[in-house]
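See below for the structure under consideration.
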Amino acid sequence: MTTPGRWTLRAENSSYTVRLSPDGPWAELEAWGPTGVEDGPCALDWSRRTHFITPADAAPAEYLPYGLRPFTGSELIAARPGGERGTWWDFDGAEEGDGSLRLAFTDPVLGLRTVLRYEVVPGTDVILRWTELTATTGELRLERLDSAAVNIPVTGAARLTYLTGQWSQEFQRTQLDLARGTFTMGSLQGVPGHAYAPWLAIQDGGRGGVGEAGGAGEGGPAYGIALEWSGNWHIAAEAEPGGLVRVRAGRVPHEGAVSLAPGETLTTPRLACAFSPDGLDGLSRVWHRYERRLSGERLHRPRKVLYNSWEATGFDVDAAGQLELAELAAEIGAELFVVDDGWFTGRGDDTGGLGDWYPDPAAFPQGFGRFVDDIRGLGLDFGLWVEPEAVSRGSRLYAEHPEWAYRIEGRPARLVRNQLLLDLGRPDVQDFVIGTLDRLLTTYDIGYLKWDMNRPPTERGRPDAAYDVLLDLDAEHVGGYLRVLDHLRATHPDVTIEGCAGGGGRVEHATIARTDVVWPSDNTAPLDRLSIQYGFLHAHAPHAMSSWVTDAPGVFDPRPRSLAFRFVNALCGVLGIGADLRAWTPQQRAEAARWIARYKDVREVIHHGDVHLLGTPEDPSFGVQYDDPRSGRTVVAALGTGRLDGAPLLPGRPDRLRLRGLDPRARYRDAGSDTTYSGAHLLHYGLPFTWSDGHDAELVVLTRR
């Protein structure tokens, strides 16, 4: 039975209940957690007494404007041009659908209608939230326009888990216990950036506890949010008085405010809200399932084993050298050959060529089409690197259209990586990029496109814009970027697209929904990359994680690891090879061929299975477990991450990785060692591994009997 003014959204294994507040004209959270959590007194209710704050400041509100909530942080700041800031609204009705909800509020004095939107993602424990803002009578100025607020009751400090880093060290899992005060993170780089990912997990630190898999499952039930936005953003978490942590998230306009014309509606980015009772490890599986839904039917296309020539040749690209590498790649079992930077005219180094996207005739004397045919004649698909948003100052494109690059009139245009950035918010620039990519994809038999972006916008202005036009450059650039990707998806549906921004600088749900894989980092060193992938898999699915085997030495962790370690680490996602195969011995290439064959046998389990993170990269043994209930197969990628001088505990006694999620009554056979285990044994004792300087990685495939 439905209670008036109270609505419950039911996800796969959880529910989310919203009610109209008894204290004022706003919506507030009543319950969020496992199915049935709404049956009982509200855990977020309070005494109705406030001291030096208003009831709105104390409420677990879903979304409140400055005006109604003046002290403890609001999601919306709006005003008439030249007028006082502040919104005071009234409830204007609800529309409830199958897994959806709309709650409307209006301020007739200001002339603003605000609609809070909710939508359950079928088959997941994810609820999407966003807001629609309409100027009903006159022009409005929006100084803050967050997507939503998320409320979580805690009994102690709130434990925040988030992903930090820098270029070449992205997705480092970081934790903070927030007892009081505000935590904030974000990016003003025109992309999500390398320093923080637009993702946050929140747990009740007062509940404590460690899951069976060490650090990965710690802390009890986990709540997560992820912002679907490819531009500037922020997330702020505030530990409020009385046992509540409140998280606000949204985009950040470059100009500091957005103008809303009369009758115009602005839709904020979607905020995905997730819940799992099984800690961070369980929350990761919720996110993986959601991203598989984002991929749609493209999820079921096998991700091909890639060879990329950048590590081998850099800018020194020519047909003969690339074909030599392609022949070796085909011999070891690669299915796709990608030519990276350096293939186009004027690109002898990073100072020129960007914007003039035509193959260099000197590098391909028999024609680029013939070169592509020769690659395909080896049984390989063909791919190409592009950086559509970039332009070199000496290019023909810049000479013809200097106004297409971001620039502030009268100010110097700063070069980053010897290049400028195109204003992709301009329709004419979007049309140029679409025309360029269409030409390449229709002229040549290209099946894979790597879209890179190697610099953020700095002098972000549009010099020929009318003085009285109010711009929203960040949102316009994001809109142009997504328009081009949507065009590629619709017009070239069979082309696989990889998303990259100097590594993992643009990884979020809007990009993941429109690409097939993303590049987490330019750092491919074995132990460095392991830490990056560990954090990545907390937030993102393995089918989207492109990972290469290279010869790169460690940057942050220089300890050497074997070729086997590099392969087992890389096959935890979408396997690629970027090493100079010409420098490998025949023995190394033979070993690579064996690993590639093993990967092809299990990649469906890796890309579609349920994932468990077994420990952390700081443990002497770390693993990633993939379960496919349909085939009854469990794949364990196990890695020795400690000192390679024998067993880490006692000479002669192997280290063990305790598996998770298995049936304790079932039996599991490892054909590789001809050993059968009970599920109880694997859960309680785990798989044994004896690491040494010659053996630091294993791939174990268990079949349920």
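Simple scheme: letters A, B, ... for chains in structure tokens order, numbers from 1 for residues in each chain, numbers from 1 for ligands in the order shown.
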Check your understanding: Running DSSP on the backbone, which parts of stretch 60-298 of chain A land in alpha helix (DSSP H), as a ChimeraX atom specification?
Key -> /A:279-295
Skip stretch 451-460 of chain A itself and residues of its chain fewer than 4 positions away, then list as a CSV table (one decimal) with N, CA, C and O atoms, in the first residue's frame all residues within 8 Å of it, counting only C-alpha atoms.
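The file below, out10.csv, is the result:
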```csv
chain,number,residue,atom,x,y,z
A,189,GLN,N,39.8,20.7,-15.3
A,189,GLN,CA,40.7,20.5,-16.4
A,189,GLN,C,39.9,20.2,-17.7
A,189,GLN,O,40.5,19.8,-18.7
A,190,GLY,N,38.6,20.4,-17.7
A,190,GLY,CA,37.8,20.1,-18.9
A,190,GLY,C,37.5,18.6,-19.1
A,190,GLY,O,36.8,18.2,-20.0
A,191,VAL,N,38.1,17.8,-18.3
A,191,VAL,CA,37.9,16.3,-18.3
A,191,VAL,C,37.9,15.9,-16.8
A,191,VAL,O,38.3,16.7,-15.9
A,385,TRP,N,45.3,5.4,-34.2
A,385,TRP,CA,45.2,6.4,-33.2
A,385,TRP,C,44.9,7.8,-33.8
A,385,TRP,O,45.4,8.1,-34.8
A,386,VAL,N,44.0,8.5,-33.1
A,386,VAL,CA,43.7,9.9,-33.5
A,386,VAL,C,43.6,10.7,-32.2
A,386,VAL,O,43.3,10.2,-31.1
A,387,GLU,N,43.8,12.0,-32.4
A,387,GLU,CA,43.6,13.0,-31.3
A,387,GLU,C,42.7,14.1,-31.9
A,387,GLU,O,43.2,15.2,-32.2
A,388,PRO,N,41.4,13.9,-32.0
A,388,PRO,CA,40.6,14.8,-32.8
A,388,PRO,C,40.4,16.2,-32.2
A,388,PRO,O,40.1,17.2,-32.9
A,389,GLU,N,40.6,16.4,-30.9
A,389,GLU,CA,40.5,17.7,-30.3
A,389,GLU,C,41.7,18.6,-30.3
A,389,GLU,O,41.6,19.7,-29.9
A,390,ALA,N,42.8,18.0,-30.8
A,390,ALA,CA,44.1,18.8,-30.8
A,390,ALA,C,44.4,19.4,-32.1
A,390,ALA,O,44.0,18.9,-33.2
A,406,TYR,N,40.8,27.2,-28.7
A,406,TYR,CA,40.5,28.1,-27.5
A,406,TYR,C,41.6,29.2,-27.4
A,406,TYR,O,42.8,29.0,-27.5
A,407,ARG,N,41.1,30.4,-27.2
A,407,ARG,CA,42.0,31.5,-27.0
A,407,ARG,C,41.2,32.7,-26.4
A,407,ARG,O,40.0,32.9,-26.6
A,408,ILE,N,41.9,33.4,-25.6
A,408,ILE,CA,41.4,34.6,-25.0
A,408,ILE,C,42.0,35.8,-25.7
A,408,ILE,O,43.2,35.9,-25.8
A,413,ALA,N,48.5,32.4,-26.2
A,413,ALA,CA,47.9,31.0,-26.2
A,413,ALA,C,49.0,30.1,-25.8
A,413,ALA,O,50.1,30.0,-26.4
A,414,ARG,N,48.8,29.4,-24.7
A,414,ARG,CA,49.9,28.6,-24.1
A,414,ARG,C,49.9,27.2,-24.8
A,414,ARG,O,48.8,26.6,-25.0
A,416,VAL,N,50.7,23.3,-24.6
A,416,VAL,CA,50.9,22.2,-23.7
A,416,VAL,C,51.1,21.0,-24.6
A,416,VAL,O,50.3,20.7,-25.5
A,417,ARG,N,52.2,20.3,-24.3
A,417,ARG,CA,52.6,19.2,-25.2
A,417,ARG,C,52.8,19.7,-26.7
A,417,ARG,O,52.4,19.0,-27.6
A,419,GLN,N,51.0,21.7,-28.3
A,419,GLN,CA,49.7,21.8,-29.1
A,419,GLN,C,48.7,22.6,-28.4
A,419,GLN,O,48.8,23.0,-27.3
A,420,LEU,N,47.7,23.0,-29.2
A,420,LEU,CA,46.5,23.7,-28.7
A,420,LEU,C,45.3,22.8,-28.7
A,420,LEU,O,45.4,21.7,-29.3
A,421,LEU,N,44.2,23.3,-28.1
A,421,LEU,CA,43.0,22.4,-28.0
A,421,LEU,C,41.9,23.1,-28.9
A,421,LEU,O,41.7,24.3,-28.7
A,473,LEU,N,31.1,27.1,-21.8
A,473,LEU,CA,32.1,26.4,-22.7
A,473,LEU,C,32.3,24.9,-22.2
A,473,LEU,O,32.5,24.1,-23.1
A,497,ILE,N,35.9,1.4,-30.4
A,497,ILE,CA,36.4,2.7,-30.0
A,497,ILE,C,37.0,2.6,-28.6
A,497,ILE,O,36.4,2.0,-27.7
A,498,GLU,N,38.3,3.1,-28.5
A,498,GLU,CA,39.0,3.1,-27.2
A,498,GLU,C,39.0,4.6,-26.8
A,498,GLU,O,39.4,5.5,-27.6
A,499,GLY,N,38.7,4.8,-25.5
A,499,GLY,CA,38.8,6.2,-25.0
A,499,GLY,C,40.0,6.4,-24.2
A,499,GLY,O,40.4,5.5,-23.4
A,500,CYS,N,40.7,7.5,-24.4
A,500,CYS,CA,42.0,7.8,-23.7
A,500,CYS,C,42.1,9.3,-23.6
A,500,CYS,O,41.7,10.0,-24.5
A,501,ALA,N,42.7,9.7,-22.5
A,501,ALA,CA,43.0,11.2,-22.3
A,501,ALA,C,44.3,11.2,-21.6
A,501,ALA,O,44.4,11.3,-20.3
A,502,GLY,N,45.5,11.1,-22.3
A,502,GLY,CA,46.8,11.1,-21.6
A,502,GLY,C,46.8,10.0,-20.6
A,502,GLY,O,47.4,10.1,-19.5
```
Sorted by chain and rising residue number, list the residues of stretch 523-591 of chain A at most 12 Å from stretch 627-635 of chain A (counting only C-alpha atoms), each with its closest atom pair and distance in Å to one decimal, as a tab-separated table.
```
residue	atom	partner	partner_atom	distance
A:Val568	CA	A:Val635	CA	11.2
A:Leu571	CA	A:Val635	CA	11.0
A:Cys572	CA	A:Val635	CA	9.9
```
Check your understanding: Taking into account only C-alpha atoms, which residue in the set A:His492, A:His477, A:Arg669, A:His543 is nearest to A:Ile446?
Key ->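 Closest candidate: A:His492.
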Exercise for review: Find, counting only C-alpha atoms, the residue in A:Thr50, A:Tyr677, A:Phe91, A:Arg566 that gets nearest to A:Gly24.
Suggested key: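 Of all the options, A:Phe91 lies closest to A:Gly24.
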Point to revise | Interatomic distance, atom CA of A:His538 to atom CA of A:Gly503 (Å, one decimal) | key: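 Interatomic distance, atom CA of A:His538 to atom CA of A:Gly503: 17.7 Å.
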Exercise for review: One decimal, Å: what's the distance from atom CA of A:Arg251 over to atom CA of A:Pro412, could you say?
Suggested key: 27.6 Å
Residue neighbourhood A:Arg141, 8 Å, only C-alpha atoms, exclusion window fewer than 5 positions, as an mmCIF file with all heavy atoms, in the first residue's frame:
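Okay, out-v4.cif is ready:
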```
data_model
loop_
_atom_site.group_PDB
_atom_site.id
_atom_site.type_symbol
_atom_site.label_atom_id
_atom_site.label_comp_id
_atom_site.auth_asym_id
_atom_site.auth_seq_id
_atom_site.Cartn_x
_atom_site.Cartn_y
_atom_site.Cartn_z
ATOM 1 N N ALA A 78 20.431 30.068 -7.235
ATOM 2 C CA ALA A 78 19.823 30.709 -8.403
ATOM 3 C C ALA A 78 19.411 32.135 -8.046
ATOM 4 O O ALA A 78 19.100 32.445 -6.892
ATOM 5 C CB ALA A 78 18.615 29.914 -8.874
ATOM 6 N N ALA A 79 19.396 32.993 -9.070
ATOM 7 C CA ALA A 79 18.984 34.382 -8.886
ATOM 8 C C ALA A 79 18.586 34.965 -10.224
ATOM 9 O O ALA A 79 18.983 34.466 -11.294
ATOM 10 C CB ALA A 79 20.117 35.205 -8.270
ATOM 11 N N ARG A 80 17.807 36.030 -10.179
ATOM 12 C CA ARG A 80 17.597 36.850 -11.366
ATOM 13 C C ARG A 80 18.860 37.675 -11.604
ATOM 14 O O ARG A 80 19.541 38.040 -10.633
ATOM 15 C CB ARG A 80 16.408 37.784 -11.164
ATOM 16 C CG ARG A 80 15.059 37.086 -11.132
ATOM 17 C CD ARG A 80 14.534 36.842 -12.537
ATOM 18 N NE ARG A 80 13.222 36.224 -12.503
ATOM 19 C CZ ARG A 80 12.082 36.905 -12.469
ATOM 20 N NH1 ARG A 80 12.111 38.227 -12.403
ATOM 21 N NH2 ARG A 80 10.935 36.278 -12.493
ATOM 22 N N PRO A 81 19.214 37.971 -12.860
ATOM 23 C CA PRO A 81 20.396 38.815 -13.097
ATOM 24 C C PRO A 81 20.299 40.116 -12.321
ATOM 25 O O PRO A 81 19.303 40.845 -12.414
ATOM 26 C CB PRO A 81 20.357 39.053 -14.611
ATOM 27 C CG PRO A 81 19.611 37.881 -15.157
ATOM 28 C CD PRO A 81 18.582 37.539 -14.117
ATOM 29 N N ALA A 257 29.029 30.362 -13.562
ATOM 30 C CA ALA A 257 27.574 30.393 -13.512
ATOM 31 C C ALA A 257 27.034 30.096 -14.900
ATOM 32 O O ALA A 257 27.735 30.242 -15.908
ATOM 33 C CB ALA A 257 27.064 31.738 -13.014
ATOM 34 N N VAL A 258 25.767 29.683 -14.936
ATOM 35 C CA VAL A 258 25.089 29.380 -16.200
ATOM 36 C C VAL A 258 23.863 30.268 -16.295
ATOM 37 O O VAL A 258 23.122 30.434 -15.319
ATOM 38 C CB VAL A 258 24.687 27.894 -16.267
ATOM 39 C CG1 VAL A 258 23.787 27.627 -17.462
ATOM 40 C CG2 VAL A 258 25.920 27.008 -16.333
ATOM 41 N N SER A 259 23.644 30.826 -17.481
ATOM 42 C CA SER A 259 22.448 31.628 -17.725
ATOM 43 C C SER A 259 21.356 30.748 -18.323
ATOM 44 O O SER A 259 21.604 29.954 -19.239
ATOM 45 C CB SER A 259 22.775 32.771 -18.686
ATOM 46 O OG SER A 259 21.612 33.512 -18.985
ATOM 47 N N LEU A 260 20.150 30.901 -17.779
ATOM 48 C CA LEU A 260 19.012 30.121 -18.257
ATOM 49 C C LEU A 260 17.991 31.091 -18.837
ATOM 50 O O LEU A 260 17.455 31.955 -18.131
ATOM 51 C CB LEU A 260 18.418 29.325 -17.095
ATOM 52 C CG LEU A 260 17.605 28.076 -17.402
ATOM 53 C CD1 LEU A 260 18.421 27.077 -18.205
ATOM 54 C CD2 LEU A 260 17.129 27.436 -16.093
#
```
Review point. Quick one: of A:Trp404, A:Trp595, A:Trp287, A:Phe337, who's nearest to A:Phe382, counting only C-alpha atoms?
Key: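 Under the stated criterion, the closest residue is A:Phe337.
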Residues near A:Glu508, cut-off 12 Å, only C-alpha atoms, skip fewer than 5 positions along chain, as a tab-separated table (two decimals) with N, CA and C atoms, in the first residue's frame:
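Result saved to out22.tsv:
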```tsv
chain	number	residue	atom	x	y	z
A	191	VAL	N	38.11	17.76	-18.26
A	191	VAL	CA	37.90	16.31	-18.26
A	191	VAL	C	37.91	15.89	-16.79
A	192	PRO	N	37.46	14.67	-16.47
A	192	PRO	CA	37.52	14.24	-15.07
A	192	PRO	C	38.92	14.34	-14.46
A	193	GLY	N	39.97	14.14	-15.26
A	193	GLY	CA	41.33	14.38	-14.78
A	193	GLY	C	41.99	13.14	-14.20
A	194	HIS	N	43.30	13.28	-13.96
A	194	HIS	CA	44.09	12.18	-13.42
A	194	HIS	C	44.15	12.20	-11.90
A	196	TYR	N	41.71	12.82	-9.53
A	196	TYR	CA	40.58	12.19	-8.86
A	196	TYR	C	39.63	11.62	-9.91
A	197	ALA	N	38.99	10.53	-9.58
A	197	ALA	CA	37.91	10.00	-10.42
A	197	ALA	C	36.58	10.47	-9.84
A	198	PRO	N	35.57	10.73	-10.68
A	198	PRO	CA	34.26	11.19	-10.19
A	198	PRO	C	33.45	10.03	-9.60
A	199	TRP	N	34.00	9.43	-8.58
A	199	TRP	CA	33.48	8.20	-7.96
A	199	TRP	C	33.80	8.24	-6.48
A	225	ILE	N	28.59	6.48	-5.29
A	225	ILE	CA	28.06	7.42	-6.28
A	225	ILE	C	29.10	7.58	-7.39
A	226	ALA	N	28.62	7.86	-8.58
A	226	ALA	CA	29.50	8.12	-9.73
A	226	ALA	C	28.80	9.12	-10.64
A	227	LEU	N	29.52	10.19	-10.99
A	227	LEU	CA	28.94	11.25	-11.81
A	227	LEU	C	29.22	10.99	-13.28
A	228	GLU	N	28.17	11.01	-14.09
A	228	GLU	CA	28.27	10.78	-15.52
A	228	GLU	C	28.51	12.13	-16.21
A	229	TRP	N	29.78	12.53	-16.25
A	229	TRP	CA	30.10	13.84	-16.83
A	229	TRP	C	31.54	13.84	-17.29
A	230	SER	N	31.77	14.32	-18.53
A	230	SER	CA	33.09	14.28	-19.14
A	230	SER	C	33.86	15.58	-18.98
A	231	GLY	N	33.34	16.54	-18.22
A	231	GLY	CA	34.00	17.83	-18.08
A	231	GLY	C	34.34	18.15	-16.64
A	232	ASN	N	34.26	19.46	-16.29
A	232	ASN	CA	34.55	19.89	-14.92
A	232	ASN	C	33.50	19.35	-13.95
A	233	TRP	N	33.93	19.00	-12.75
A	233	TRP	CA	33.01	18.39	-11.79
A	233	TRP	C	33.49	18.61	-10.37
A	269	PRO	N	23.89	16.52	-15.23
A	269	PRO	CA	24.40	15.16	-15.47
A	269	PRO	C	23.76	14.17	-14.51
A	270	ARG	N	23.69	12.94	-14.94
A	270	ARG	CA	23.12	11.90	-14.09
A	270	ARG	C	24.13	11.48	-13.02
A	271	LEU	N	23.63	11.26	-11.82
A	271	LEU	CA	24.43	10.72	-10.73
A	271	LEU	C	23.95	9.30	-10.46
A	272	ALA	N	24.83	8.33	-10.65
A	272	ALA	CA	24.48	6.93	-10.40
A	272	ALA	C	24.73	6.64	-8.93
A	287	TRP	N	28.81	-1.99	-9.72
A	287	TRP	CA	29.24	-1.09	-10.79
A	287	TRP	C	29.54	-1.86	-12.07
A	291	GLU	N	27.85	-1.14	-15.74
A	291	GLU	CA	28.60	-0.78	-16.95
A	291	GLU	C	28.38	-1.79	-18.07
A	294	LEU	N	25.44	-0.48	-19.70
A	294	LEU	CA	25.78	0.68	-20.52
A	294	LEU	C	26.34	0.25	-21.87
A	499	GLY	N	38.68	4.83	-25.54
A	499	GLY	CA	38.75	6.17	-24.97
A	499	GLY	C	40.03	6.36	-24.18
A	500	CYS	N	40.70	7.51	-24.40
A	500	CYS	CA	41.97	7.78	-23.74
A	500	CYS	C	42.12	9.29	-23.61
A	501	ALA	N	42.70	9.74	-22.50
A	501	ALA	CA	43.03	11.16	-22.34
A	501	ALA	C	44.34	11.22	-21.57
A	513	ALA	N	29.82	4.55	-21.77
A	513	ALA	CA	28.60	4.19	-22.50
A	513	ALA	C	28.77	4.29	-24.00
A	514	ARG	N	29.77	5.05	-24.46
A	514	ARG	CA	29.92	5.32	-25.90
A	514	ARG	C	31.20	4.73	-26.49
A	515	THR	N	32.02	4.13	-25.67
A	515	THR	CA	33.24	3.48	-26.15
A	515	THR	C	33.17	2.00	-25.81
A	517	VAL	N	36.30	0.22	-24.89
A	517	VAL	CA	37.31	0.08	-23.84
A	517	VAL	C	37.86	1.46	-23.54
A	518	VAL	N	38.48	1.59	-22.37
A	518	VAL	CA	39.18	2.83	-22.01
A	518	VAL	C	40.58	2.46	-21.56
A	519	TRP	N	41.47	3.45	-21.64
A	519	TRP	CA	42.89	3.27	-21.33
A	519	TRP	C	43.13	3.85	-19.93
A	520	PRO	N	43.36	3.01	-18.91
A	520	PRO	CA	43.45	3.52	-17.54
A	520	PRO	C	44.67	4.39	-17.26
A	536	PHE	N	41.04	0.75	-10.37
A	536	PHE	CA	40.12	0.82	-11.50
A	536	PHE	C	38.98	-0.18	-11.34
A	539	ALA	N	35.79	0.52	-9.39
A	539	ALA	CA	34.79	1.42	-9.96
A	539	ALA	C	34.29	0.99	-11.33
A	540	HIS	N	35.11	0.24	-12.08
A	540	HIS	CA	34.80	-0.02	-13.48
A	540	HIS	C	34.99	-1.49	-13.83
A	541	ALA	N	34.33	-1.91	-14.89
A	541	ALA	CA	34.26	-3.31	-15.25
A	541	ALA	C	35.48	-3.76	-16.05
A	544	ALA	N	35.95	-3.21	-19.89
A	544	ALA	CA	36.28	-1.86	-20.36
A	544	ALA	C	37.73	-1.49	-20.11
```
Review point. A:Arg144: which residues within 7 Å, counting only C-alpha atoms, same-chain residues fewer than 3 positions away excluded, as a VMD selection string?
Key: chain A and resid 75 to 77 257
If you count only C-alpha atoms, which residues fall within 7 Å of stretch 273-281 of chain A, apart from same-chain ones fewer than 2 positions away, as a CSV table (one decimal) with C-alpha atoms, in the first residue's frame?
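The file below, selection.csv, is the result:
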```csv
chain,number,residue,atom,x,y,z
A,33,GLY,CA,19.6,-0.3,1.7
A,125,ASP,CA,21.3,-2.0,-7.6
A,126,VAL,CA,21.8,1.4,-9.3
A,127,ILE,CA,19.4,4.3,-9.1
A,128,LEU,CA,20.1,7.3,-11.4
A,216,ALA,CA,38.8,-5.4,-0.5
A,217,GLY,CA,35.6,-6.2,1.5
A,218,GLU,CA,36.2,-4.1,4.6
A,219,GLY,CA,33.7,-2.0,6.4
A,220,GLY,CA,30.3,-3.6,5.9
A,221,PRO,CA,27.6,-2.2,3.6
A,222,ALA,CA,28.8,0.2,1.0
A,223,TYR,CA,27.1,3.1,-0.8
A,224,GLY,CA,28.5,4.5,-4.0
A,225,ILE,CA,28.1,7.4,-6.3
A,226,ALA,CA,29.5,8.1,-9.7
A,271,LEU,CA,24.4,10.7,-10.7
A,283,LEU,CA,30.0,-2.6,-4.6
A,284,SER,CA,32.5,-3.2,-7.4
A,285,ARG,CA,30.3,-5.9,-8.8
A,286,VAL,CA,27.3,-3.6,-8.7
A,612,HIS,CA,36.2,-10.6,-6.5
A,613,LEU,CA,39.3,-8.7,-5.5
```
**Study point:** Atom pair atom CA of A:Val495 / atom CA of A:Ile375: separation (Å)
**Key:** 16.6 Å
**Study point:** Nearby residues (only C-alpha atoms) at most 12 Å from A:Arg489, same-chain spacing under 5 positions excluded, as a VMD selection string
**Key:** chain A and resid 295 to 298 434 437 to 438 449 482 to 484 494 to 497 511 513 to 516
